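*Asks:* Pasting my_file.cif below, which is mmCIF, C-alpha atoms.
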```cif
data_upload
#
loop_
_atom_site.label_atom_id
_atom_site.label_comp_id
_atom_site.auth_asym_id
_atom_site.auth_seq_id
_atom_site.Cartn_x
_atom_site.Cartn_y
_atom_site.Cartn_z
CA MET V 20 201.49 -120.19 -90.36
CA HIS V 21 201.97 -123.82 -91.43
CA TYR V 22 202.56 -127.06 -89.53
CA PHE V 23 206.28 -127.60 -88.88
CA GLU V 24 207.28 -124.70 -91.12
CA GLY V 25 208.48 -121.20 -90.36
CA LEU V 26 209.91 -119.43 -87.35
CA SER V 27 206.52 -118.45 -85.92
CA PHE V 28 205.34 -122.07 -85.76
CA PHE V 29 208.50 -123.38 -84.14
CA MET V 30 208.62 -120.56 -81.57
CA THR V 31 204.98 -121.26 -80.63
CA LEU V 32 205.61 -125.00 -80.61
CA GLY V 33 208.65 -124.54 -78.37
CA LEU V 34 206.61 -122.57 -75.84
CA VAL V 35 203.80 -125.17 -75.80
CA LEU V 36 206.24 -128.07 -75.43
CA ILE V 37 208.05 -126.33 -72.54
CA VAL V 38 204.72 -125.92 -70.72
CA ALA V 39 203.83 -129.55 -71.53
CA PHE V 40 207.19 -130.75 -70.24
CA ILE V 41 206.76 -128.92 -66.94
CA LEU V 42 203.20 -130.22 -66.49
CA ASN V 43 204.26 -133.80 -67.27
CA VAL V 44 207.24 -133.63 -64.88
CA PHE V 45 204.81 -132.70 -62.13
CA GLN V 46 202.53 -135.47 -63.42
CA LYS V 47 199.75 -133.13 -64.51
CA SER V 48 197.72 -133.90 -67.62
CA THR V 49 198.51 -132.01 -70.84
CA TYR V 50 195.30 -133.21 -72.52
CA TYR V 51 193.57 -129.83 -72.54
CA LEU V 52 196.77 -127.98 -73.44
CA SER V 53 197.19 -130.24 -76.47
CA LEU V 54 193.54 -129.93 -77.46
CA LEU V 55 193.60 -126.14 -77.09
CA PHE V 56 196.79 -125.76 -79.13
CA SER V 57 195.41 -128.11 -81.81
CA LEU V 58 192.34 -125.87 -82.15
CA VAL V 59 194.44 -122.68 -82.12
CA MET V 60 196.69 -124.12 -84.83
CA VAL V 61 193.67 -124.94 -86.99
CA TYR V 62 192.63 -121.30 -86.73
CA PHE V 63 196.05 -119.84 -87.61
CA VAL V 64 196.80 -122.34 -90.40
CA PHE V 65 193.42 -122.01 -92.13
CA ILE V 66 192.41 -118.41 -91.34
CA LYS V 67 193.74 -117.15 -94.69
CA THR V 68 191.77 -119.84 -96.55
CA PRO V 69 188.29 -119.60 -94.99
CA ASP V 70 186.81 -122.02 -97.53
CA GLN V 71 189.23 -124.71 -96.29
CA LEU V 72 188.46 -123.85 -92.66
CA ILE V 73 184.72 -124.21 -93.29
CA ALA V 74 185.29 -127.50 -95.14
CA LEU V 75 187.43 -128.86 -92.29
CA LEU V 76 184.90 -127.90 -89.61
CA GLY V 77 182.11 -129.36 -91.73
CA PHE V 78 184.04 -132.60 -92.12
CA VAL V 79 184.59 -132.87 -88.37
CA LEU V 80 180.91 -132.18 -87.67
CA VAL V 81 179.58 -134.61 -90.29
CA GLY V 82 182.08 -137.23 -89.13
CA TYR V 83 180.81 -136.92 -85.57
CA ILE V 84 177.22 -137.34 -86.77
CA LEU V 85 178.23 -140.43 -88.76
CA MET V 86 179.94 -141.86 -85.68
CA GLN V 87 176.74 -141.36 -83.64
CA LEU V 88 174.67 -143.01 -86.38
CA THR V 89 177.10 -145.91 -86.52
CA SER V 90 176.59 -146.55 -82.81
CA LYS V 91 172.86 -147.04 -83.51
CA LEU V 92 173.33 -149.11 -86.68
CA LYS V 93 176.37 -151.23 -85.79
CA GLU V 94 174.31 -154.38 -85.19
CA ARG V 95 173.07 -154.16 -88.76
CA LYS V 96 176.30 -155.15 -90.47
CA LYS V 97 174.97 -154.56 -93.97
CA THR V 98 174.91 -150.82 -93.28
CA MET V 99 178.70 -150.69 -92.79
CA PRO V 100 179.59 -150.15 -96.50
CA ILE V 101 177.12 -147.24 -96.64
CA MET V 102 178.61 -145.57 -93.54
CA VAL V 103 182.17 -146.10 -94.76
CA LEU V 104 181.24 -144.66 -98.16
CA LEU V 105 179.63 -141.61 -96.53
CA ALA V 106 182.76 -141.09 -94.40
CA GLY V 107 184.99 -141.32 -97.47
CA LEU V 108 182.73 -139.37 -99.82
CA PRO V 109 184.29 -135.92 -99.17
CA LEU V 110 187.74 -137.30 -99.99
CA ILE V 111 186.45 -139.05 -103.12
CA VAL V 112 184.86 -135.82 -104.34
CA VAL V 113 187.99 -133.80 -103.56
CA LYS V 114 190.17 -136.28 -105.49
CA LEU V 115 187.81 -136.44 -108.49
CA LEU V 116 186.96 -132.75 -108.97
CA PRO V 117 190.41 -131.75 -110.37
CA VAL V 118 189.90 -134.35 -113.12
CA PHE V 119 187.02 -132.17 -114.34
CA LYS V 120 189.08 -129.01 -113.72
CA VAL V 121 186.81 -127.92 -110.87
CA ASN V 122 188.15 -126.51 -107.62
CA GLY V 123 186.94 -128.63 -104.73
CA PHE V 124 186.32 -128.05 -101.07
CA GLY V 125 189.35 -129.94 -99.84
CA PHE V 126 191.57 -128.92 -96.98
CA LEU V 127 195.00 -129.75 -95.67
CA GLY V 128 194.99 -133.19 -94.04
CA ILE V 129 191.71 -134.51 -95.48
CA SER V 130 193.30 -137.77 -96.66
CA TYR V 131 194.67 -138.59 -93.20
CA MET V 132 191.57 -137.44 -91.33
CA THR V 133 189.37 -139.56 -93.59
CA PHE V 134 191.34 -142.70 -92.74
CA LYS V 135 191.04 -141.88 -89.03
CA LEU V 136 187.27 -141.48 -89.31
CA VAL V 137 186.87 -144.66 -91.38
CA GLN V 138 188.91 -146.57 -88.79
CA ILE V 139 186.55 -145.45 -86.01
CA ILE V 140 183.46 -146.47 -88.00
CA ILE V 141 184.79 -149.89 -89.02
CA GLU V 142 186.01 -150.71 -85.52
CA MET V 143 182.61 -149.75 -84.09
CA TYR V 144 181.00 -152.30 -86.43
CA ASP V 145 183.69 -154.83 -85.45
CA GLY V 146 182.85 -154.32 -81.77
CA LEU V 147 186.33 -153.04 -80.91
CA ILE V 148 184.87 -149.63 -80.06
CA GLU V 149 181.77 -150.28 -77.97
CA LYS V 150 180.38 -146.77 -77.61
CA PRO V 151 180.81 -143.44 -79.42
CA ILE V 152 183.92 -141.46 -78.59
CA SER V 153 183.23 -138.28 -76.60
CA VAL V 154 183.09 -135.07 -78.60
CA LEU V 155 186.34 -133.80 -77.01
CA ASP V 156 188.24 -137.06 -77.59
CA TYR V 157 186.93 -137.27 -81.16
CA THR V 158 187.89 -133.66 -81.96
CA HIS V 159 191.28 -134.08 -80.31
CA PHE V 160 192.01 -137.29 -82.24
CA LEU V 161 191.11 -135.82 -85.64
CA LEU V 162 192.76 -132.41 -85.10
CA PHE V 163 195.80 -133.47 -83.02
CA PHE V 164 198.24 -130.90 -84.38
CA PRO V 165 201.45 -132.95 -84.81
CA ALA V 166 199.74 -135.45 -87.12
CA LEU V 167 196.99 -133.42 -88.80
CA SER V 168 198.56 -132.48 -92.12
CA SER V 169 200.70 -135.50 -93.05
CA GLY V 170 200.29 -138.20 -90.41
CA PRO V 171 201.38 -140.56 -88.96
CA ILE V 172 197.93 -142.19 -89.13
CA ASP V 173 197.21 -143.09 -85.52
CA ARG V 174 194.41 -145.34 -84.24
CA SER V 175 191.76 -143.88 -81.96
CA ARG V 176 191.93 -146.58 -79.26
CA ARG V 177 195.70 -146.31 -78.98
CA PHE V 178 195.51 -142.50 -78.94
CA MET V 179 192.90 -142.44 -76.15
CA ASP V 180 194.78 -145.03 -74.10
CA ASP V 181 197.87 -142.80 -74.17
CA TRP V 182 195.99 -139.84 -72.71
CA HIS V 183 194.56 -141.96 -69.92
CA LYS V 184 197.79 -143.79 -69.16
CA GLN V 185 199.49 -142.94 -65.87
CA ARG V 186 203.26 -142.64 -66.38
CA SER V 187 205.82 -142.24 -63.66
CA ARG V 188 208.11 -139.22 -63.83
CA GLY V 189 210.98 -141.43 -64.92
CA GLU V 190 208.94 -143.03 -67.73
CA TYR V 191 207.88 -139.61 -68.99
CA LEU V 192 211.43 -138.20 -68.88
CA GLU V 193 212.64 -141.15 -70.96
CA LEU V 194 209.84 -140.61 -73.50
CA ALA V 195 210.45 -136.85 -73.59
CA GLY V 196 214.19 -137.37 -74.11
CA THR V 197 213.44 -139.64 -77.05
CA GLY V 198 210.97 -137.04 -78.33
CA ILE V 199 213.54 -134.22 -78.20
CA PHE V 200 216.01 -136.37 -80.12
CA ARG V 201 213.41 -137.21 -82.77
CA LEU V 202 212.33 -133.58 -83.06
CA VAL V 203 215.90 -132.36 -83.59
CA LEU V 204 216.72 -135.20 -86.00
CA GLY V 205 213.54 -134.45 -87.96
CA LEU V 206 214.51 -130.78 -88.21
CA PHE V 207 217.93 -131.80 -89.54
CA TYR V 208 216.38 -134.19 -92.08
CA LYS V 209 213.78 -131.73 -93.36
CA LEU V 210 215.53 -128.38 -93.17
CA VAL V 211 219.10 -129.39 -93.97
CA LEU V 212 219.34 -132.70 -95.83
CA SER V 213 216.15 -132.48 -97.90
CA GLY V 214 217.01 -128.86 -98.75
CA MET V 215 220.49 -129.83 -99.95
CA VAL V 216 219.11 -132.62 -102.15
CA PHE V 217 216.34 -130.36 -103.48
CA GLN V 218 218.90 -127.83 -104.75
CA HIS V 219 220.63 -130.51 -106.83
CA MET V 220 217.39 -132.10 -107.97
CA ASN V 221 215.81 -129.11 -109.69
CA GLY V 222 218.31 -128.41 -112.44
CA PRO V 223 217.38 -128.17 -116.14
CA MET V 224 215.63 -131.24 -117.52
CA GLY V 225 217.97 -133.27 -119.71
CA LYS V 226 217.06 -135.13 -122.88
CA ASP V 227 219.05 -138.26 -122.13
CA VAL V 228 217.68 -141.16 -120.09
CA THR V 229 220.63 -140.75 -117.73
CA TYR V 230 218.90 -137.57 -116.52
CA LEU V 231 215.95 -139.66 -115.32
CA ILE V 232 218.26 -142.15 -113.63
CA GLY V 233 220.06 -139.39 -111.73
CA TYR V 234 216.75 -137.75 -110.85
CA MET V 235 215.46 -141.09 -109.56
CA TYR V 236 218.28 -141.34 -106.99
CA LEU V 237 217.99 -137.69 -105.95
CA TYR V 238 214.20 -137.74 -105.67
CA THR V 239 214.34 -140.88 -103.51
CA ALA V 240 216.71 -139.14 -101.11
CA TYR V 241 214.64 -135.95 -101.12
CA LEU V 242 211.35 -137.77 -100.52
CA PHE V 243 212.78 -139.74 -97.62
CA PHE V 244 214.44 -136.82 -95.83
CA ASP V 245 211.45 -134.54 -96.37
CA PHE V 246 208.74 -137.00 -95.35
CA ALA V 247 210.71 -138.86 -92.68
CA GLY V 248 211.82 -135.49 -91.30
CA TYR V 249 208.23 -134.31 -90.95
CA SER V 250 207.19 -137.64 -89.40
CA LEU V 251 210.04 -137.53 -86.89
CA MET V 252 209.09 -133.99 -85.83
CA ALA V 253 205.43 -135.03 -85.47
CA VAL V 254 206.33 -138.07 -83.37
CA GLY V 255 208.88 -136.11 -81.34
CA ALA V 256 206.42 -133.34 -80.49
CA SER V 257 203.84 -135.98 -79.56
CA ASN V 258 206.34 -137.71 -77.27
CA ILE V 259 207.05 -134.49 -75.37
CA LEU V 260 203.30 -134.04 -74.91
CA GLY V 261 203.22 -137.58 -73.52
CA VAL V 262 201.76 -139.37 -76.56
CA GLU V 263 203.54 -142.30 -78.23
CA THR V 264 202.42 -141.58 -81.79
CA PRO V 265 203.58 -144.55 -83.92
CA MET V 266 206.70 -144.22 -86.04
CA ASN V 267 206.32 -144.05 -89.81
CA PHE V 268 209.77 -145.27 -90.89
CA ASN V 269 212.04 -148.07 -89.76
CA PHE V 270 215.22 -148.05 -91.88
CA PRO V 271 213.36 -148.69 -95.17
CA PHE V 272 216.53 -148.74 -97.24
CA ILE V 273 217.78 -151.96 -95.68
CA SER V 274 214.71 -153.85 -96.96
CA ILE V 275 215.60 -157.13 -98.67
CA ASP V 276 212.28 -157.55 -100.49
CA ILE V 277 209.19 -155.51 -101.38
CA LYS V 278 207.10 -156.82 -98.46
CA ASP V 279 209.91 -155.93 -96.09
CA PHE V 280 209.97 -152.45 -97.62
CA TRP V 281 206.27 -151.84 -96.97
CA ASN V 282 206.77 -152.99 -93.39
CA ARG V 283 209.35 -150.21 -93.02
CA TRP V 284 208.10 -147.33 -95.26
CA HIS V 285 205.09 -145.17 -94.34
CA ILE V 286 204.27 -147.83 -91.79
CA THR V 287 201.03 -146.30 -90.49
CA LEU V 288 199.65 -146.13 -94.04
CA SER V 289 200.69 -149.67 -94.98
CA THR V 290 199.31 -151.15 -91.75
CA TRP V 291 196.05 -149.20 -92.17
CA LEU V 292 195.70 -150.60 -95.69
CA ARG V 293 196.56 -154.09 -94.44
CA ASP V 294 193.93 -153.99 -91.69
CA PHE V 295 191.10 -152.19 -93.47
CA VAL V 296 191.55 -153.06 -97.16
CA PHE V 297 193.78 -156.09 -97.82
CA SER V 298 192.64 -158.38 -95.00
CA ARG V 299 188.96 -157.57 -95.59
CA VAL V 300 189.23 -158.18 -99.32
CA VAL V 301 190.91 -161.53 -98.60
CA MET V 302 188.23 -162.53 -96.07
CA ARG V 303 185.41 -161.55 -98.43
CA PHE V 304 186.93 -163.43 -101.38
CA MET V 305 187.47 -166.52 -99.24
CA ARG V 306 183.95 -166.36 -97.77
CA LYS V 307 182.41 -166.00 -101.23
CA LYS V 308 184.86 -168.56 -102.70
CA VAL V 309 185.71 -166.18 -105.52
CA PHE V 310 188.96 -168.01 -106.26
CA LYS V 311 189.85 -171.65 -105.70
CA LYS V 312 193.42 -170.98 -104.55
CA ARG V 313 194.48 -168.85 -101.59
CA LEU V 314 197.50 -167.68 -103.57
CA THR V 315 195.28 -166.19 -106.28
CA THR V 316 193.14 -164.56 -103.59
CA ALA V 317 196.18 -162.95 -101.97
CA MET V 318 197.62 -161.77 -105.31
CA VAL V 319 194.37 -160.12 -106.39
CA ALA V 320 193.96 -158.58 -102.91
CA TYR V 321 197.46 -157.08 -103.18
CA MET V 322 196.56 -155.56 -106.55
CA ILE V 323 193.37 -154.02 -105.11
CA ASN V 324 195.14 -152.85 -101.95
CA MET V 325 198.01 -151.07 -103.68
CA THR V 326 195.87 -149.66 -106.49
CA PHE V 327 193.61 -148.20 -103.80
CA MET V 328 196.75 -146.69 -102.24
CA GLY V 329 197.58 -145.03 -105.55
CA PHE V 330 194.10 -143.50 -105.85
CA TRP V 331 194.34 -142.32 -102.21
CA HIS V 332 197.35 -140.22 -103.18
CA GLY V 333 195.45 -138.69 -106.09
CA VAL V 334 193.49 -139.37 -109.26
CA THR V 335 196.32 -138.56 -111.62
CA LEU V 336 198.09 -140.91 -114.02
CA ASP V 337 201.39 -140.96 -112.13
CA TYR V 338 199.77 -141.85 -108.77
CA ILE V 339 197.52 -144.50 -110.33
CA ILE V 340 200.45 -146.10 -112.19
CA TYR V 341 202.45 -145.98 -108.94
CA GLY V 342 199.72 -147.87 -107.09
CA VAL V 343 199.28 -150.48 -109.84
CA TYR V 344 203.07 -150.86 -110.10
CA HIS V 345 203.37 -151.71 -106.40
CA GLY V 346 200.36 -153.99 -106.70
CA VAL V 347 202.18 -155.93 -109.41
CA LEU V 348 205.34 -156.04 -107.29
CA MET V 349 203.51 -157.29 -104.20
CA ALA V 350 201.44 -159.86 -106.13
CA SER V 351 204.50 -161.09 -108.03
CA PHE V 352 206.54 -161.46 -104.86
CA GLU V 353 203.69 -163.33 -103.19
CA TRP V 354 203.76 -165.85 -106.05
CA TYR V 355 207.57 -165.99 -105.96
CA GLN V 356 207.62 -166.66 -102.21
CA LYS V 357 205.04 -169.43 -102.41
CA LYS V 358 206.05 -171.13 -105.67
CA SER V 359 209.77 -170.60 -106.27
CA LYS V 360 212.04 -173.46 -105.20
CA PHE V 361 214.99 -171.16 -105.92
CA TYR V 362 213.71 -168.68 -103.33
CA LYS V 363 213.09 -171.32 -100.69
CA LYS V 364 216.53 -172.82 -101.26
CA ASN V 365 218.53 -169.58 -101.18
CA LYS V 366 216.52 -167.00 -99.17
CA ASN V 367 218.74 -167.26 -96.08
CA LYS V 368 222.07 -167.11 -97.92
CA THR V 369 224.10 -163.91 -97.69
CA TRP V 370 224.68 -163.55 -101.43
CA TYR V 371 220.96 -163.90 -102.07
CA LYS V 372 220.04 -161.27 -99.46
CA ILE V 373 222.52 -158.78 -100.93
CA THR V 374 221.26 -159.39 -104.48
CA SER V 375 217.63 -159.21 -103.35
CA TRP V 376 218.33 -155.95 -101.48
CA LEU V 377 219.94 -154.37 -104.57
CA ILE V 378 217.06 -155.38 -106.84
CA THR V 379 214.43 -154.30 -104.28
CA MET V 380 215.96 -150.86 -103.80
CA HIS V 381 216.02 -150.16 -107.54
CA LEU V 382 212.44 -151.36 -107.95
CA VAL V 383 211.44 -149.07 -105.06
CA MET V 384 213.31 -146.10 -106.54
CA LEU V 385 211.73 -146.71 -109.93
CA GLY V 386 208.38 -146.53 -108.15
CA PHE V 387 209.34 -143.20 -106.57
CA LEU V 388 210.34 -141.91 -110.00
CA ILE V 389 206.86 -142.80 -111.28
CA PHE V 390 205.34 -141.18 -108.17
CA SER V 391 207.24 -137.94 -108.85
CA GLY V 392 205.51 -137.50 -112.21
CA LYS V 393 208.85 -136.63 -113.83
CA PRO V 394 208.82 -139.43 -116.47
CA LEU V 395 205.52 -138.19 -117.93
CA LEU V 396 206.86 -134.62 -118.04
CA TRP V 397 210.10 -135.83 -119.62
CA ILE V 398 208.25 -137.82 -122.29
CA SER V 399 205.90 -134.94 -123.10
CA LYS V 400 208.87 -132.58 -123.42
CA LEU V 401 210.65 -134.94 -125.81
CA ILE V 402 207.50 -135.26 -127.91
CA SER V 403 207.06 -131.46 -128.05
CA MET V 404 210.65 -131.10 -129.30
CA GLN V 405 210.07 -133.39 -132.28
#
```
Is it possible to give me this structure as C-alpha cells?

*Replies:*
Amino acid sequence: MHYFEGLSFFMTLGLVLIVAFILNVFQKSTYYLSLLFSLVMVYFVFIKTPDQLIALLGFVLVGYILMQLTSKLKERKKTMPIMVLLAGLPLIVVKLLPVFKVNGFGFLGISYMTFKLVQIIIEMYDGLIEKPISVLDYTHFLLFFPALSSGPIDRSRRFMDDWHKQRSRGEYLELAGTGIFRLVLGLFYKLVLSGMVFQHMNGPMGKDVTYLIGYMYLYTAYLFFDFAGYSLMAVGASNILGVETPMNFNFPFISIDIKDFWNRWHITLSTWLRDFVFSRVVMRFMRKKVFKKRLTTAMVAYMINMTFMGFWHGVTLDYIIYGVYHGVLMASFEWYQKKSKFYKKNKNKTWYKITSWLITMHLVMLGFLIFSGKPLLWISKLISMQ
C-alpha cells in the first residue's frame, strides 16, 4: 500500500473519512481516529521495507529526545545550531550516501519530516513554543498521514490549534465540502491529467534541441498535475478530518515575476525556507555587518536560500544546478526591482505585465527542465553517439 495510490488505499481512506465526517457532524473529536489511522498507514506502507520502518521509528524517537533536550537548552542560544544540525543529520547522511554509491537508511517522507522537526526546535529557541509538545501531539504531527510522504509542510502550532479548535456544525460542513471538492479535483489532476501528459512525455529521445523544448512544456504540465494533484488530495483529506492543512499551490502559472512564482508554487516549502533560512541569513549578515548594502545582503541570502533548496531535493548535479539557477533568478530580480528605473516606470502597465509573465513562465519551465535531469541525459546521449 502507498499513500494516495491504489484501490486498497482509497477504499480504506474512504471508510476513515466517512467515520470522520459522521463524528465531526456530531461535533466529536477525530483526533484519535486520525492518529490511529496515521500509525496504521505507517505499518502498511513500510511493512515490506522493514529497514525503512526501523529508520522512520528511530527518527521519530531521536527527534522527540532532541525536542526534550531543546526545552532544557533553549536559554543557551549558542546551542541552537548544534540541535538543528543533529535534527538534520539523518537527512544529510541520506542525501550524501548515494554520492558514494552506498545505500542509506532513508525512508519515505524524511525530507518533509526533517523540516517539521527543525521548525519545532527553532521555534522553541525563539520562544514561540514554550514547552515540549506532548508525545501524542508530536507523533501525530510528524506522522499525519495526508502529509507524510510529500507535504504540504505544516507548522506544529497551527496543526495543534486546529485539533483544539471548536467548530460549529455549519463551519465543519463548509470545510468538509471544500475538502471533498479538493480531494476529487486532486484525483482528477493526478490520475487523469498527469497520466495523459506522462504518456506523451516518455517517447523516444530525439537528437534535435526541439525535443528538449517540447519535453520542457510537457514535463512542466506533468509535474504540476502530479504534485498539485497529490497536494490537493492531502489537503482535501485533512479538511474532511477537520484540519486546515495549508495549500501548496495558488495558480502559479499566472505569476508575473519570479518572486510571485515562489509565492504561488510549493508554498509551504518556499515559506519554510523564507522563515528558517532566508530571513535568518539576512539577520545574521546584517548583525555581523558582512555587507555594507542591504541589497547585496538580500542577493547573497537568496543565493544561499535557493541553493539550499536544491540540495534539499538531492545531492545530484541537476538538483544543485536547479537550486543555483533559481538563486540567480531571485538575486537578479531583487537587483532589478531595486535598481531599474525601467521597472519602476513600467511595472504597472499592462504590456509590461504580459511581457514579464511570458518571460517568467519560460524561465520557470527552463528550471523544471533542469530539475527533470533530461538535459544531462540528452547531452550524454549525444556525446556517446559521436

*Asks:* Applying the PyMOL selection byres ((chain V and resi 71) around 12) to the file I just gave you, which residues come out? Please list them as number ranges by chain.

*Replies:* V: 61-62, 64-70, 72-78, 113, 122-129

*Asks:* If you measure from atom CA of Ala195 of chain V to atom CA of Thr264 of chain V, what distance in Å do you get, rounded to one decimal?

*Replies:*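 Interatomic distance here is 12.4 Å.
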
*Asks:* For Val254 of chain V, which of V:Phe295, V:Tyr355, V:Phe387, V:Phe23 is the closest residue, counting only C-alpha atoms?

*Replies:*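 Ranked by minimum distance to Val254 of chain V, first place goes to V:Phe23.
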
*Asks:* Separation of atom CA of Leu92 of chain V and atom CA of Asn324 of chain V, in Å?

*Replies:*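 Those two atoms sit 26.9 Å apart.
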
*Asks:* Hey, what's within 8 Å of segment 301-303 of chain V if we count all atoms listed in the file and toss same-chain stuff fewer than 2 positions away? As a PyMOL selection string, please?

*Replies:* chain V and resi 297-299+305-307+316-317+320

*Asks:* If the PyMOL selection byres ((chain V and resi 253) around 8) were run on this exact file, what residues would it hold? Put them as a VMD selection string.

*Replies:* chain V and resid 165 to 166 170 to 171 202 249 to 252 254 to 257

*Asks:* As JSON, what would the box around segment 295-306 of chain V look like: edges along x, y and z, 3 Å added on every side, centre and edge lengths in Å to one decimal?

*Replies:*
```
{"center_x": 188.9, "center_y": -159.4, "center_z": -97.4, "size_x": 15.8, "size_y": 20.3, "size_z": 13.9}
```

*Asks:* Evaluate the PyMOL selection byres ((chain V and resi 46-59) around 8) against this structure - the residues, as a list of chain:residue names, please.

*Replies:* V:Val35, V:Ala39, V:Leu42, V:Asn43, V:Val44, V:Phe45, V:Met60, V:Val61, V:Tyr62, V:Phe63, V:His159, V:Leu162, V:Phe163, V:Phe164, V:Trp182, V:Arg186, V:Ser187, V:Arg188, V:Leu260, V:Gly261

*Asks:* Give me the residues near Phe246 of chain V as a VMD selection string, where near means some atom within 12 Å (using all atoms listed in the file) and where sequence neighbours in that chain fewer than 3 positions away do not count.

*Replies:* chain V and resid 23 168 to 171 205 to 206 208 to 210 212 to 213 238 to 243 249 to 253 266 to 268 284 to 285

*Asks:* Between atom CA of Tyr341 of chain V and atom CA of Tyr234 of chain V, what is the distance, to one decimal in Å?

*Replies:*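 The value is 16.6 Å.
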
*Asks:* Nearest to Met235 of chain V: which of V:Leu116, V:Leu88, V:Leu336, V:Met380 is it, counting only C-alpha atoms?

*Replies:*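 Ranking V:Leu116, V:Leu88, V:Leu336, V:Met380 by distance to Met235 of chain V, first place goes to V:Met380.
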
*Asks:* Which one is closest to Asp245 of chain V: V:Gly386, V:Gly146, V:Gly214, V:Gly233? Count only C-alpha atoms.

*Replies:*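 Answer, going by the shortest atom-to-atom distance: V:Gly214.
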
*Asks:* Taking 2 positions as the minimum chain separation for residues in the same chain, which residues sit within 12 Å of Phe134 of chain V when counting all atoms listed in the file? Answer as a PyMOL selection string.

*Replies:* chain V and resi 82+103-104+106-110+128-132+136-141+160-161+167+169-175+287-292+294-296+328+331

*Asks:* Using only C-alpha atoms, find the one residue out of V:Phe207, V:Tyr22, V:Trp376, V:Phe330 that sits nearest to Lys114 of chain V.

*Replies:*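 Smallest separation from Lys114 of chain V among the options: V:Phe330.
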